[in-house]
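Chemist: Following this line is protein_33.txt, made up of compact mmCIF, C-alpha atoms and all ligand atoms:
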```txt
# COMPACT_ATOMS: atom_id res chain seq x y z
CA PRO A 1 -43.45 337.76 -10.98
CA LYS A 2 -42.91 335.04 -13.55
CA PRO A 3 -45.63 335.54 -16.19
CA PHE A 4 -45.03 332.37 -18.17
CA GLU A 5 -44.43 329.97 -15.35
CA THR A 6 -45.80 326.58 -16.26
CA THR A 7 -45.87 323.34 -14.40
CA PRO A 8 -43.05 321.21 -15.73
CA ALA A 9 -44.37 318.32 -17.81
CA VAL A 10 -44.38 315.14 -15.77
CA LYS A 11 -41.93 312.81 -17.38
CA MET A 12 -43.49 309.40 -17.81
CA LYS A 13 -41.31 306.68 -16.30
CA SER A 14 -40.65 303.69 -18.51
CA TYR A 15 -41.48 300.78 -16.20
CA ALA A 16 -45.17 300.35 -15.35
CA CYS A 17 -44.19 299.67 -11.72
CA GLN A 18 -42.75 303.21 -11.51
CA ARG A 19 -46.07 304.76 -12.49
CA ARG A 20 -49.55 305.14 -11.08
CA THR A 21 -52.15 303.55 -13.31
CA PRO A 22 -55.72 304.10 -12.17
CA LEU A 23 -58.57 301.80 -13.14
CA LYS A 24 -60.42 304.46 -15.08
CA HIS A 25 -58.39 306.35 -17.62
CA HIS A 26 -58.89 308.59 -20.64
CA ASN A 27 -57.73 306.56 -23.62
CA SER A 28 -59.76 303.36 -23.86
CA PHE A 29 -60.46 304.10 -27.52
CA LEU A 30 -56.73 303.54 -28.12
CA THR A 31 -55.88 300.96 -25.45
CA ASP A 32 -58.73 298.62 -26.45
CA ALA A 33 -57.38 298.60 -29.99
CA LEU A 34 -53.79 297.95 -28.92
CA GLU A 35 -54.95 295.18 -26.61
CA ILE A 36 -56.74 293.44 -29.49
CA LEU A 37 -53.38 293.30 -31.27
CA ALA A 38 -51.71 292.11 -28.07
CA GLN A 39 -54.24 289.33 -27.68
CA ASN A 40 -53.86 288.34 -31.33
CA ALA A 41 -50.09 288.09 -30.81
CA GLU A 42 -50.72 285.83 -27.82
CA PHE A 43 -52.88 283.61 -29.99
CA SER A 44 -49.89 283.10 -32.29
CA GLU A 45 -47.60 282.66 -29.27
CA ASN A 46 -45.61 285.74 -30.12
CA GLU A 47 -44.95 286.90 -26.58
CA GLY A 48 -42.50 289.68 -27.41
CA ARG A 49 -44.97 291.32 -29.74
CA SER A 50 -47.81 290.90 -27.31
CA VAL A 51 -45.89 292.49 -24.45
CA ALA A 52 -44.85 295.39 -26.68
CA PHE A 53 -48.50 296.20 -27.44
CA ARG A 54 -49.47 295.79 -23.77
CA ARG A 55 -46.69 298.16 -22.69
CA SER A 56 -47.81 300.76 -25.21
CA ALA A 57 -51.40 300.49 -24.02
CA SER A 58 -50.27 300.75 -20.42
CA VAL A 59 -48.43 304.04 -21.04
CA LEU A 60 -51.64 305.53 -22.45
CA LYS A 61 -53.58 304.31 -19.39
CA ALA A 62 -51.24 306.31 -17.15
CA LEU A 63 -51.76 309.59 -19.05
CA PRO A 64 -53.82 312.17 -17.17
CA HIS A 65 -55.56 313.34 -20.37
CA VAL A 66 -57.07 312.20 -23.65
CA VAL A 67 -54.65 311.79 -26.54
CA ARG A 68 -55.86 314.09 -29.32
CA SER A 69 -52.86 314.31 -31.62
CA MET A 70 -49.55 312.62 -32.23
CA GLY A 71 -47.92 315.64 -30.58
CA ASP A 72 -49.44 314.52 -27.27
CA LEU A 73 -47.23 311.43 -27.44
CA LYS A 74 -43.98 313.33 -27.60
CA ASP A 75 -41.40 312.01 -25.11
CA LEU A 76 -43.52 309.05 -24.00
CA PRO A 77 -41.62 305.78 -23.44
CA CYS A 78 -42.46 302.31 -24.79
CA LEU A 79 -44.38 303.42 -27.88
CA GLY A 80 -42.97 301.35 -30.71
CA GLU A 81 -43.27 302.04 -34.42
CA HIS A 82 -46.15 299.63 -34.89
CA SER A 83 -48.18 300.98 -31.95
CA LEU A 84 -47.60 304.56 -33.12
CA ARG A 85 -48.84 303.65 -36.60
CA VAL A 86 -52.04 302.16 -35.13
CA ILE A 87 -52.59 305.17 -32.85
CA LYS A 88 -52.06 307.58 -35.74
CA GLU A 89 -54.61 305.78 -37.87
CA ILE A 90 -57.20 305.85 -35.08
CA LEU A 91 -56.60 309.54 -34.40
CA GLU A 92 -56.98 310.36 -38.11
CA ASP A 93 -59.70 307.94 -39.24
CA GLY A 94 -61.42 306.90 -36.06
CA THR A 95 -60.44 303.26 -36.55
CA SER A 96 -57.41 301.18 -37.46
CA SER A 97 -57.80 298.86 -40.43
CA GLU A 98 -55.43 296.32 -38.91
CA VAL A 99 -57.33 296.24 -35.65
CA GLU A 100 -60.69 295.98 -37.38
CA SER A 101 -59.61 293.17 -39.71
CA THR A 102 -58.12 291.32 -36.74
CA ARG A 103 -61.31 291.74 -34.77
CA GLN A 104 -63.36 290.43 -37.72
CA SER A 105 -61.08 287.55 -38.62
CA GLU A 106 -62.43 284.04 -38.26
CA GLN A 107 -59.21 282.87 -36.60
CA PHE A 108 -59.22 285.61 -33.96
CA GLN A 109 -62.89 285.08 -33.13
CA ALA A 110 -62.51 281.30 -32.93
CA MET A 111 -59.36 281.51 -30.80
CA LYS A 112 -61.13 283.94 -28.49
CA ALA A 113 -64.21 281.72 -28.15
CA LEU A 114 -62.11 278.57 -27.60
CA THR A 115 -59.64 280.09 -25.10
CA ASP A 116 -62.62 281.50 -23.20
CA VAL A 117 -63.32 277.92 -22.14
CA PHE A 118 -61.88 277.38 -18.65
CA GLY A 119 -58.96 274.95 -18.93
CA VAL A 120 -58.22 275.68 -22.59
CA GLY A 121 -54.96 277.41 -23.45
CA VAL A 122 -53.64 278.80 -26.70
CA ARG A 123 -51.97 275.53 -27.78
CA THR A 124 -55.15 273.49 -27.46
CA ALA A 125 -57.33 276.18 -29.02
CA ASP A 126 -54.94 276.45 -31.96
CA ARG A 127 -54.98 272.69 -32.56
CA TRP A 128 -58.77 272.67 -32.45
CA PHE A 129 -58.92 275.64 -34.82
CA ARG A 130 -56.73 273.79 -37.32
CA GLU A 131 -59.05 270.79 -36.99
CA GLY A 132 -61.92 273.03 -38.02
CA LEU A 133 -63.49 273.84 -34.66
CA ARG A 134 -64.79 277.37 -34.23
CA SER A 135 -66.72 277.47 -30.96
CA PRO A 136 -67.13 275.45 -27.76
CA LEU A 137 -70.36 274.06 -29.21
CA ASP A 138 -68.28 272.25 -31.87
CA LEU A 139 -66.54 270.27 -29.14
CA ILE A 140 -69.47 268.01 -28.39
CA PRO A 141 -70.26 266.49 -31.82
CA THR A 142 -66.59 266.05 -32.68
CA GLY A 143 -66.12 264.02 -29.51
CA GLN A 144 -62.95 265.82 -28.46
CA LYS A 145 -61.15 264.38 -25.47
CA LEU A 146 -61.56 266.89 -22.68
CA ASN A 147 -59.83 266.86 -19.31
CA HIS A 148 -61.83 267.53 -16.14
CA ALA A 149 -61.16 271.27 -16.16
CA GLN A 150 -62.26 271.56 -19.79
CA GLN A 151 -65.38 269.51 -19.17
CA ALA A 152 -66.34 271.92 -16.42
CA GLY A 153 -65.34 274.81 -18.68
CA VAL A 154 -67.73 273.67 -21.40
CA LYS A 155 -70.52 272.82 -18.99
CA TYR A 156 -70.46 276.22 -17.27
CA TYR A 157 -69.32 278.28 -20.27
CA ASN A 158 -72.14 280.84 -20.03
CA ASP A 159 -71.78 281.45 -16.32
CA LEU A 160 -67.99 281.57 -16.40
CA ASN A 161 -68.08 284.15 -19.16
CA THR A 162 -70.56 286.31 -17.29
CA PRO A 163 -68.45 288.79 -15.29
CA VAL A 164 -68.41 288.39 -11.51
CA THR A 165 -69.75 291.47 -9.75
CA LYS A 166 -68.22 293.01 -6.66
CA LYS A 167 -71.36 292.07 -4.76
CA GLU A 168 -70.91 288.43 -5.73
CA ALA A 169 -67.23 288.65 -4.78
CA MET A 170 -68.25 289.88 -1.32
CA VAL A 171 -70.68 286.99 -0.85
CA ILE A 172 -67.94 284.55 -1.86
CA SER A 173 -65.56 286.35 0.51
CA ASP A 174 -67.93 285.63 3.39
CA ILE A 175 -68.18 281.96 2.41
CA VAL A 176 -64.40 281.54 2.12
CA GLU A 177 -63.92 283.33 5.44
CA LYS A 178 -66.39 280.99 7.12
CA ALA A 179 -64.73 277.91 5.63
CA VAL A 180 -61.22 278.95 6.58
CA LYS A 181 -62.14 280.05 10.10
CA ALA A 182 -63.91 276.72 10.63
CA VAL A 183 -60.85 274.64 9.79
CA LEU A 184 -58.09 276.95 11.08
CA PRO A 185 -59.03 279.60 13.65
CA GLY A 186 -56.83 282.67 13.49
CA ALA A 187 -56.16 282.37 9.77
CA ILE A 188 -55.98 285.57 7.72
CA ILE A 189 -57.84 285.86 4.40
CA THR A 190 -57.07 288.56 1.85
CA LEU A 191 -58.96 289.34 -1.32
CA THR A 192 -56.36 289.73 -4.07
CA GLY A 193 -56.50 290.03 -7.88
CA GLY A 194 -58.58 292.58 -9.73
CA PHE A 195 -61.07 293.19 -6.91
CA ARG A 196 -58.24 294.33 -4.63
CA ARG A 197 -57.28 296.82 -7.35
CA GLY A 198 -60.79 298.24 -7.20
CA LYS A 199 -62.34 296.56 -10.24
CA GLU A 200 -66.14 296.41 -10.32
CA LEU A 201 -66.16 293.20 -12.37
CA GLY A 202 -63.82 290.24 -12.63
CA HIS A 203 -63.41 286.94 -14.42
CA ASP A 204 -62.88 285.22 -11.07
CA VAL A 205 -62.38 285.96 -7.36
CA ASP A 206 -58.87 285.53 -5.92
CA PHE A 207 -57.97 284.86 -2.28
CA LEU A 208 -54.73 284.53 -0.38
CA ILE A 209 -54.77 282.72 2.97
CA THR A 210 -52.13 282.58 5.71
CA HIS A 211 -51.73 282.12 9.47
CA PRO A 212 -49.48 284.17 11.80
CA GLU A 213 -48.03 280.99 13.23
CA GLU A 214 -45.54 279.76 10.63
CA GLY A 215 -46.33 276.16 9.70
CA ALA A 216 -49.95 276.28 10.85
CA GLU A 217 -50.92 276.79 7.21
CA GLU A 218 -49.37 273.51 6.00
CA ARG A 219 -51.82 271.19 4.24
CA LEU A 220 -54.59 273.67 4.94
CA MET A 221 -56.09 273.63 1.45
CA PRO A 222 -57.51 270.09 1.52
CA LYS A 223 -59.31 270.98 4.74
CA ILE A 224 -60.83 274.12 3.25
CA VAL A 225 -61.84 272.26 0.11
CA ASN A 226 -63.41 269.46 2.16
CA TRP A 227 -65.42 271.92 4.20
CA LEU A 228 -66.69 273.69 1.07
CA ASP A 229 -67.43 270.43 -0.68
CA ASN A 230 -69.39 269.10 2.31
CA GLN A 231 -71.57 272.20 2.13
CA GLY A 232 -72.24 271.47 -1.55
CA LEU A 233 -70.53 274.69 -2.60
CA LEU A 234 -68.06 273.31 -5.15
CA LEU A 235 -68.82 272.40 -8.75
CA TYR A 236 -65.16 271.77 -9.58
CA GLN A 237 -61.80 272.00 -7.86
CA LYS A 238 -58.22 271.12 -8.53
CA THR A 239 -55.80 271.44 -5.63
CA THR A 240 -52.06 271.60 -6.16
CA ARG A 241 -49.64 270.95 -3.29
CA ASN A 242 -46.99 273.40 -2.20
CA SER A 243 -43.84 272.45 -4.08
CA TYR A 244 -41.71 275.35 -2.92
CA LEU A 245 -39.51 273.40 -0.51
CA GLU A 246 -39.10 270.45 -2.84
CA SER A 247 -37.96 272.59 -5.76
CA LYS A 248 -34.38 272.19 -6.85
CA ASP A 249 -34.05 275.31 -8.92
CA GLY A 250 -34.02 277.71 -5.98
CA PRO A 251 -36.93 279.62 -4.51
CA ALA A 252 -36.60 282.90 -6.34
CA ARG A 253 -36.14 281.23 -9.69
CA PRO A 254 -39.23 279.22 -10.40
CA ALA A 255 -39.31 277.52 -13.80
CA SER A 256 -41.96 279.99 -14.93
CA ASN A 257 -44.12 282.69 -13.43
CA MET A 258 -46.13 279.92 -11.88
CA ASP A 259 -45.48 279.89 -8.19
CA ARG A 260 -45.32 276.90 -5.90
CA PHE A 261 -47.91 277.68 -3.27
CA GLU A 262 -50.56 275.27 -2.21
CA ARG A 263 -53.41 276.42 -4.40
CA CYS A 264 -56.83 275.57 -5.66
CA PHE A 265 -58.51 276.46 -8.94
CA SER A 266 -62.19 276.06 -8.30
CA ILE A 267 -65.69 276.71 -9.51
CA PHE A 268 -68.16 277.71 -6.79
CA LYS A 269 -71.86 277.03 -6.86
CA LEU A 270 -73.14 280.43 -5.81
CA GLU A 271 -76.73 280.93 -4.74
CA GLN A 272 -78.17 283.75 -6.81
CA LEU A 273 -78.42 287.05 -5.02
CA GLU A 274 -82.08 287.93 -4.47
CA SER A 275 -81.80 291.16 -6.42
CA ASP A 276 -80.29 289.44 -9.46
CA THR A 277 -82.66 286.55 -10.02
CA HIS A 278 -85.58 288.22 -11.72
CA THR A 279 -83.99 291.12 -13.53
CA GLU A 280 -84.14 291.42 -17.28
CA THR A 281 -80.56 292.58 -17.41
CA SER A 282 -79.40 289.23 -16.12
CA SER A 283 -77.18 287.82 -18.83
CA TYR A 284 -78.00 284.17 -18.23
CA ASN A 285 -79.57 282.65 -21.31
CA SER A 286 -78.67 285.81 -23.16
CA GLY A 287 -77.37 283.66 -25.96
CA ARG A 288 -74.31 285.82 -26.34
CA ALA A 289 -71.95 283.08 -25.28
CA ALA A 290 -73.47 279.84 -26.42
CA GLY A 291 -73.01 277.32 -23.66
CA THR A 292 -73.81 273.67 -23.82
CA GLU A 293 -76.02 273.29 -20.82
CA GLU A 294 -79.35 275.02 -20.90
CA ARG A 295 -79.97 276.79 -17.65
CA HIS A 296 -83.50 276.38 -16.37
CA ALA A 297 -85.35 279.61 -16.19
CA GLY A 298 -85.45 280.54 -12.54
CA SER A 299 -82.32 278.64 -11.67
CA THR A 300 -81.26 279.71 -8.21
CA TRP A 301 -77.51 279.38 -8.54
CA ARG A 302 -74.67 280.17 -10.87
CA ALA A 303 -71.07 279.02 -11.39
CA VAL A 304 -68.21 281.36 -10.41
CA ARG A 305 -64.46 280.82 -10.77
CA VAL A 306 -62.54 281.17 -7.51
CA ASP A 307 -58.76 280.93 -6.96
CA LEU A 308 -57.49 280.07 -3.49
CA VAL A 309 -53.81 280.31 -2.54
CA VAL A 310 -52.20 279.45 0.80
CA SER A 311 -48.90 281.07 1.78
CA PRO A 312 -46.63 280.74 4.82
CA TYR A 313 -46.68 283.90 6.93
CA SER A 314 -43.01 284.70 6.14
CA GLN A 315 -43.87 284.91 2.41
CA PHE A 316 -47.23 286.63 2.80
CA ALA A 317 -46.10 290.10 1.68
CA PHE A 318 -44.52 288.67 -1.48
CA ALA A 319 -47.56 286.54 -2.17
CA THR A 320 -49.90 289.50 -1.66
CA LEU A 321 -47.88 291.63 -4.06
CA GLY A 322 -47.63 288.79 -6.58
CA TRP A 323 -51.33 287.97 -6.58
CA THR A 324 -52.70 291.49 -6.71
CA GLY A 325 -51.64 292.16 -10.30
CA SER A 326 -52.23 293.46 -12.84
CA LYS A 327 -50.37 290.89 -14.89
CA LEU A 328 -48.40 293.60 -16.67
CA PHE A 329 -47.62 295.35 -13.39
CA GLU A 330 -46.23 292.05 -12.02
CA ARG A 331 -44.17 291.44 -15.12
CA GLU A 332 -42.75 294.94 -14.95
CA LEU A 333 -41.88 294.55 -11.26
CA ARG A 334 -39.86 291.42 -12.04
CA ARG A 335 -38.21 293.09 -15.03
CA TRP A 336 -37.31 296.12 -12.91
CA ALA A 337 -35.88 293.90 -10.17
CA GLY A 338 -33.75 291.94 -12.62
CA GLN A 339 -32.61 294.61 -15.05
CA GLU A 340 -32.28 297.63 -12.79
CA LYS A 341 -31.50 296.15 -9.37
CA GLY A 342 -29.78 292.81 -9.96
CA MET A 343 -32.50 291.21 -7.87
CA SER A 344 -34.89 288.38 -8.46
CA LEU A 345 -38.52 288.79 -7.38
CA SER A 346 -41.13 286.07 -7.12
CA SER A 347 -44.36 285.60 -5.17
CA HIS A 348 -42.24 283.84 -2.53
CA ALA A 349 -39.17 285.98 -2.03
CA LEU A 350 -36.79 288.72 -3.16
CA TYR A 351 -33.17 287.72 -3.77
CA ASP A 352 -30.39 290.27 -4.00
CA SER A 353 -27.66 288.89 -6.28
CA LYS A 354 -25.06 291.47 -5.24
CA GLN A 355 -25.44 290.78 -1.54
CA GLN A 356 -26.18 287.12 -2.28
CA ARG A 357 -29.01 287.02 0.22
CA TYR A 358 -32.78 287.08 0.52
CA LEU A 359 -34.35 290.36 1.60
CA ARG A 360 -37.14 289.94 4.13
CA ALA A 361 -40.34 291.93 4.07
CA ASN A 362 -43.45 292.07 6.22
CA SER A 363 -45.42 294.37 3.96
CA GLU A 364 -45.75 295.37 0.32
CA GLU A 365 -44.35 298.78 1.27
CA GLU A 366 -41.10 297.14 2.39
CA ILE A 367 -40.79 295.25 -0.89
CA PHE A 368 -41.17 298.45 -2.93
CA ALA A 369 -38.55 300.05 -0.67
CA HIS A 370 -36.11 297.15 -1.19
CA LEU A 371 -36.62 297.60 -4.92
CA GLY A 372 -35.96 301.34 -4.75
CA LEU A 373 -39.47 302.08 -5.97
CA GLU A 374 -42.04 304.55 -4.75
CA TYR A 375 -44.94 302.64 -3.14
CA ILE A 376 -47.85 302.18 -5.54
CA PRO A 377 -51.16 301.24 -3.86
CA PRO A 378 -53.24 298.40 -5.37
CA SER A 379 -55.79 300.79 -6.91
CA GLU A 380 -53.01 302.30 -9.04
CA ARG A 381 -51.52 299.02 -10.23
CA ASN A 382 -53.98 298.73 -13.11
CA ALA A 383 -51.18 298.79 -15.69
P1 LIG B 401 -59.65 289.28 -13.56
O1 LIG B 401 -59.66 288.03 -12.73
O2 LIG B 401 -59.69 288.98 -15.01
O3 LIG B 401 -60.70 290.23 -13.14
O4 LIG B 401 -58.25 290.03 -13.33
P2 LIG B 401 -57.10 289.64 -12.32
O5 LIG B 401 -56.11 290.73 -12.35
O6 LIG B 401 -57.67 289.27 -10.99
O7 LIG B 401 -56.44 288.36 -13.02
P3 LIG B 401 -56.16 286.89 -12.47
O8 LIG B 401 -57.22 286.41 -11.57
O9 LIG B 401 -55.89 286.05 -13.67
O10 LIG B 401 -54.79 287.01 -11.71
C1 LIG B 401 -54.64 287.73 -10.50
C2 LIG B 401 -53.20 287.90 -10.21
O11 LIG B 401 -52.62 286.65 -9.88
C3 LIG B 401 -52.40 288.45 -11.38
O12 LIG B 401 -51.50 289.39 -10.90
C4 LIG B 401 -51.62 287.28 -11.90
O13 LIG B 401 -50.37 287.68 -12.39
C5 LIG B 401 -51.48 286.44 -10.66
N1 LIG B 401 -51.40 285.03 -11.00
C6 LIG B 401 -52.28 284.27 -11.67
N2 LIG B 401 -51.84 283.01 -11.77
C7 LIG B 401 -50.65 282.99 -11.13
C8 LIG B 401 -49.70 281.98 -10.85
O14 LIG B 401 -49.83 280.83 -11.23
N3 LIG B 401 -48.62 282.35 -10.10
C9 LIG B 401 -48.45 283.62 -9.66
N4 LIG B 401 -47.38 283.91 -8.94
N5 LIG B 401 -49.31 284.57 -9.91
C10 LIG B 401 -50.40 284.27 -10.64
MN MN B 402 -58.88 287.55 -10.77
MN MN B 403 -57.30 284.30 -10.72
```
Mind converting the file's structure to structure tokens?
Modeler:
Amino acid sequence: PKPFETTPAVKMKSYACQRRTPLKHHNSFLTDALEILAQNAEFSENEGRSVAFRRSASVLKALPHVVRSMGDLKDLPCLGEHSLRVIKEILEDGTSSEVESTRQSEQFQAMKALTDVFGVGVRTADRWFREGLRSPLDLIPTGQKLNHAQQAGVKYYNDLNTPVTKKEAMVISDIVEKAVKAVLPGAIITLTGGFRRGKELGHDVDFLITHPEEGAEERLMPKIVNWLDNQGLLLYQKTTRNSYLESKDGPARPASNMDRFERCFSIFKLEQLESDTHTETSSYNSGRAAGTEERHAGSTWRAVRVDLVVSPYSQFAFATLGWTGSKLFERELRRWAGQEKGMSLSSHALYDSKQQRYLRANSEEEIFAHLGLEYIPPSERNA
């Protein structure tokens, strides 16, 4: 008999794509704080700093227990000096002064409110902040020039900042399915993004569309959009053509993380679900997020952001993996591929630099295998 036999401590792997990260975890009181600092770093376009905080938070999300003391963090990867200092303060005092002052700061709050407008990025929000703007409501009197996306973003600000429920996502799923089947029988539609990872709420609904017959999917998006528009289901849409074949910089090396699929950023006009229209908990008109268009009491519809992406069948596995997220999980997959495997991963393909060839895959499982990684199911990619 071995009286003091213990289970060996699980050693936490250092890349998020090597770990299982469930949706619900035990350390939100720490990860929320670190993510405030990450977001603040994004607002000042300090990407390195932002990623460092996000990686720290992600490690804590993968822990199977609550962190109660600094000793619990022994041997964990990715925890930098700054993150450790913040964690220590929270464990000792309940809050971190840096996090709280960030949260309270006028700049952080304004940048948050302004970037919450659909179509507004950090650059634009920062310029507006320096011009004295503090909220989307300030955009109207100052007569700011807004592009079409931003106009829609301001108009539907309240709705677009009201989380999409899984129930709503399912209704939209049915609509998208109907539209796609009508214009291309045999097409395959997959729900991607946060809802595929098991989230109950999302900021939008993401879909990936393909067809088993390679080439049948070409120029499909305009047909889908037309169908939806004819049914009066679209409040806004911007379709971008597939630029994958035209690109000169090689398929696995897109200029940024942006991929080259035919895609559509849209805003759906969703008929209110019967059960949601008369409830007091409905957040429409709650006043929390001041929008610019008063919604009539009893309005029967609401605006919901929907992303549609069309991929050729041969790239479908890569596209599915690339559009399921989380964003940090995706970033870590690409970093793993490049730094540990000498490979280059995108939402289109996987290139092996040593063998100087593309590696084919018909499923996400095969891509993980090519990368020498244990398969992580979508519900555990919540890094
Ligand atoms: P919520 O929508 O906030 O609930 O979370 P989410 O994880 O669904 O986020 P989002 O809809 O922003 O993105 C879904 C996935 O698509 C993430 O993994 C992103 O990395 C990915 N994604 C978003 N935009 C692009 C893009 O332009 N190109 C590629 N390749 N991926 C993208
Ligand atoms: Mn999403
Ligand atoms: Mn999206």
Chemist: Given a cut-off of 10 Å, what residues near ligand LIG 401 (chain B) show up using only C-alpha atoms and all ligand atoms, put as a PDB file with C-alpha atoms, in the coordinates of the input?
Modeler:
```pdb
ATOM      1  CA  PRO A 163     -68.450 288.790 -15.290  1.00  0.00           C
ATOM      2  CA  VAL A 164     -68.410 288.390 -11.510  1.00  0.00           C
ATOM      3  CA  THR A 165     -69.750 291.470  -9.750  1.00  0.00           C
ATOM      4  CA  LEU A 191     -58.960 289.340  -1.320  1.00  0.00           C
ATOM      5  CA  THR A 192     -56.360 289.730  -4.070  1.00  0.00           C
ATOM      6  CA  GLY A 193     -56.500 290.030  -7.880  1.00  0.00           C
ATOM      7  CA  GLY A 194     -58.580 292.580  -9.730  1.00  0.00           C
ATOM      8  CA  PHE A 195     -61.070 293.190  -6.910  1.00  0.00           C
ATOM      9  CA  ARG A 196     -58.240 294.330  -4.630  1.00  0.00           C
ATOM     10  CA  ARG A 197     -57.280 296.820  -7.350  1.00  0.00           C
ATOM     11  CA  GLY A 198     -60.790 298.240  -7.200  1.00  0.00           C
ATOM     12  CA  LYS A 199     -62.340 296.560 -10.240  1.00  0.00           C
ATOM     13  CA  GLU A 200     -66.140 296.410 -10.320  1.00  0.00           C
ATOM     14  CA  LEU A 201     -66.160 293.200 -12.370  1.00  0.00           C
ATOM     15  CA  GLY A 202     -63.820 290.240 -12.630  1.00  0.00           C
ATOM     16  CA  HIS A 203     -63.410 286.940 -14.420  1.00  0.00           C
ATOM     17  CA  ASP A 204     -62.880 285.220 -11.070  1.00  0.00           C
ATOM     18  CA  VAL A 205     -62.380 285.960  -7.360  1.00  0.00           C
ATOM     19  CA  ASP A 206     -58.870 285.530  -5.920  1.00  0.00           C
ATOM     20  CA  PHE A 207     -57.970 284.860  -2.280  1.00  0.00           C
ATOM     21  CA  LEU A 208     -54.730 284.530  -0.380  1.00  0.00           C
ATOM     22  CA  PRO A 254     -39.230 279.220 -10.400  1.00  0.00           C
ATOM     23  CA  SER A 256     -41.960 279.990 -14.930  1.00  0.00           C
ATOM     24  CA  ASN A 257     -44.120 282.690 -13.430  1.00  0.00           C
ATOM     25  CA  MET A 258     -46.130 279.920 -11.880  1.00  0.00           C
ATOM     26  CA  ASP A 259     -45.480 279.890  -8.190  1.00  0.00           C
ATOM     27  CA  ARG A 260     -45.320 276.900  -5.900  1.00  0.00           C
ATOM     28  CA  PHE A 261     -47.910 277.680  -3.270  1.00  0.00           C
ATOM     29  CA  ARG A 263     -53.410 276.420  -4.400  1.00  0.00           C
ATOM     30  CA  PHE A 265     -58.510 276.460  -8.940  1.00  0.00           C
ATOM     31  CA  ARG A 305     -64.460 280.820 -10.770  1.00  0.00           C
ATOM     32  CA  VAL A 306     -62.540 281.170  -7.510  1.00  0.00           C
ATOM     33  CA  ASP A 307     -58.760 280.930  -6.960  1.00  0.00           C
ATOM     34  CA  VAL A 309     -53.810 280.310  -2.540  1.00  0.00           C
ATOM     35  CA  PHE A 318     -44.520 288.670  -1.480  1.00  0.00           C
ATOM     36  CA  ALA A 319     -47.560 286.540  -2.170  1.00  0.00           C
ATOM     37  CA  THR A 320     -49.900 289.500  -1.660  1.00  0.00           C
ATOM     38  CA  LEU A 321     -47.880 291.630  -4.060  1.00  0.00           C
ATOM     39  CA  GLY A 322     -47.630 288.790  -6.580  1.00  0.00           C
ATOM     40  CA  TRP A 323     -51.330 287.970  -6.580  1.00  0.00           C
ATOM     41  CA  THR A 324     -52.700 291.490  -6.710  1.00  0.00           C
ATOM     42  CA  GLY A 325     -51.640 292.160 -10.300  1.00  0.00           C
ATOM     43  CA  SER A 326     -52.230 293.460 -12.840  1.00  0.00           C
ATOM     44  CA  LYS A 327     -50.370 290.890 -14.890  1.00  0.00           C
ATOM     45  CA  LEU A 328     -48.400 293.600 -16.670  1.00  0.00           C
ATOM     46  CA  PHE A 329     -47.620 295.350 -13.390  1.00  0.00           C
ATOM     47  CA  GLU A 330     -46.230 292.050 -12.020  1.00  0.00           C
ATOM     48  CA  ARG A 331     -44.170 291.440 -15.120  1.00  0.00           C
ATOM     49  CA  SER A 346     -41.130 286.070  -7.120  1.00  0.00           C
ATOM     50  CA  SER A 347     -44.360 285.600  -5.170  1.00  0.00           C
ATOM     51  CA  HIS A 348     -42.240 283.840  -2.530  1.00  0.00           C
ATOM     52  CA  ARG A 381     -51.520 299.020 -10.230  1.00  0.00           C
ATOM     53  CA  ASN A 382     -53.980 298.730 -13.110  1.00  0.00           C
TER      54      ASN A 382
END
```
Chemist: Give me, please, the distance in Å between atom CA of Leu114 of chain A and atom CA of Cys264 of chain A, quoted to one decimal.
Modeler: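 A separation of 22.8 Å between them.
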Chemist: Could you check the closest approach to ligand MN 402 (chain B) for each of A:Leu350, A:Ser58, A:Met221, A:Ala169 and tell me which residue wins, using all atoms listed in the file?
Modeler: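 Looking at the shortest contact to ligand MN 402 (chain B), the residue is A:Ala169.
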Chemist: Mind pulling up the distance from atom CA of Val51 of chain A to atom CA of Val99 of chain A?
Modeler: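 Between these atoms lies a distance of 16.4 Å.
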Chemist: Using all atoms listed in the file, which of the listed residues (A:Gln18, A:Thr115, A:Gln107, A:Ser83) sits closest to Phe368 of chain A?
Modeler: A:Gln18
Chemist: What's the separation between atom CA of Lys341 of chain A and atom CA of Pro377 of chain A, in Å to one decimal place?
Modeler: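 Result for atom CA of Lys341 of chain A versus atom CA of Pro377 of chain A: 21.0 Å, one decimal.
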Chemist: Restricting the calculation to only C-alpha atoms: of A:Tyr236, A:Tyr15, A:Trp227, A:Phe316, which residue gets closest to Phe118 of chain A?
Modeler: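 For Phe118 of chain A, the nearest of the given residues is A:Tyr236.
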Chemist: Of the residues A:Leu30, A:Ala16, A:Ala149, A:Ile36, which is the one nearest to Arg85 of chain A, using all atoms listed in the file?
Modeler: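 Nearest to Arg85 of chain A: A:Leu30.
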Chemist: Give as a list in words the set of residues within 10 Å of the point (-39.4, 308.6, -18.5), where distances use the file's coordinates and only C-alpha atoms.
Modeler: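 Within 10 Å of (-39.4, 308.6, -18.5), the protein and nucleic acid residues are Val10, Lys11, Met12, Lys13, Ser14, Tyr15, Gln18, Arg19, Asp75, Leu76, Pro77 and Cys78 of chain A.
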Chemist: For each of A:Val304, A:Ala113, A:Val86, A:Leu184, take the minimum atom-to-atom distance to ligand MN 402 (chain B), counting only C-alpha atoms and all ligand atoms, then give the residue where this is smallest.
Modeler: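 Among the listed residues, the smallest separation from ligand MN 402 (chain B) belongs to A:Val304.
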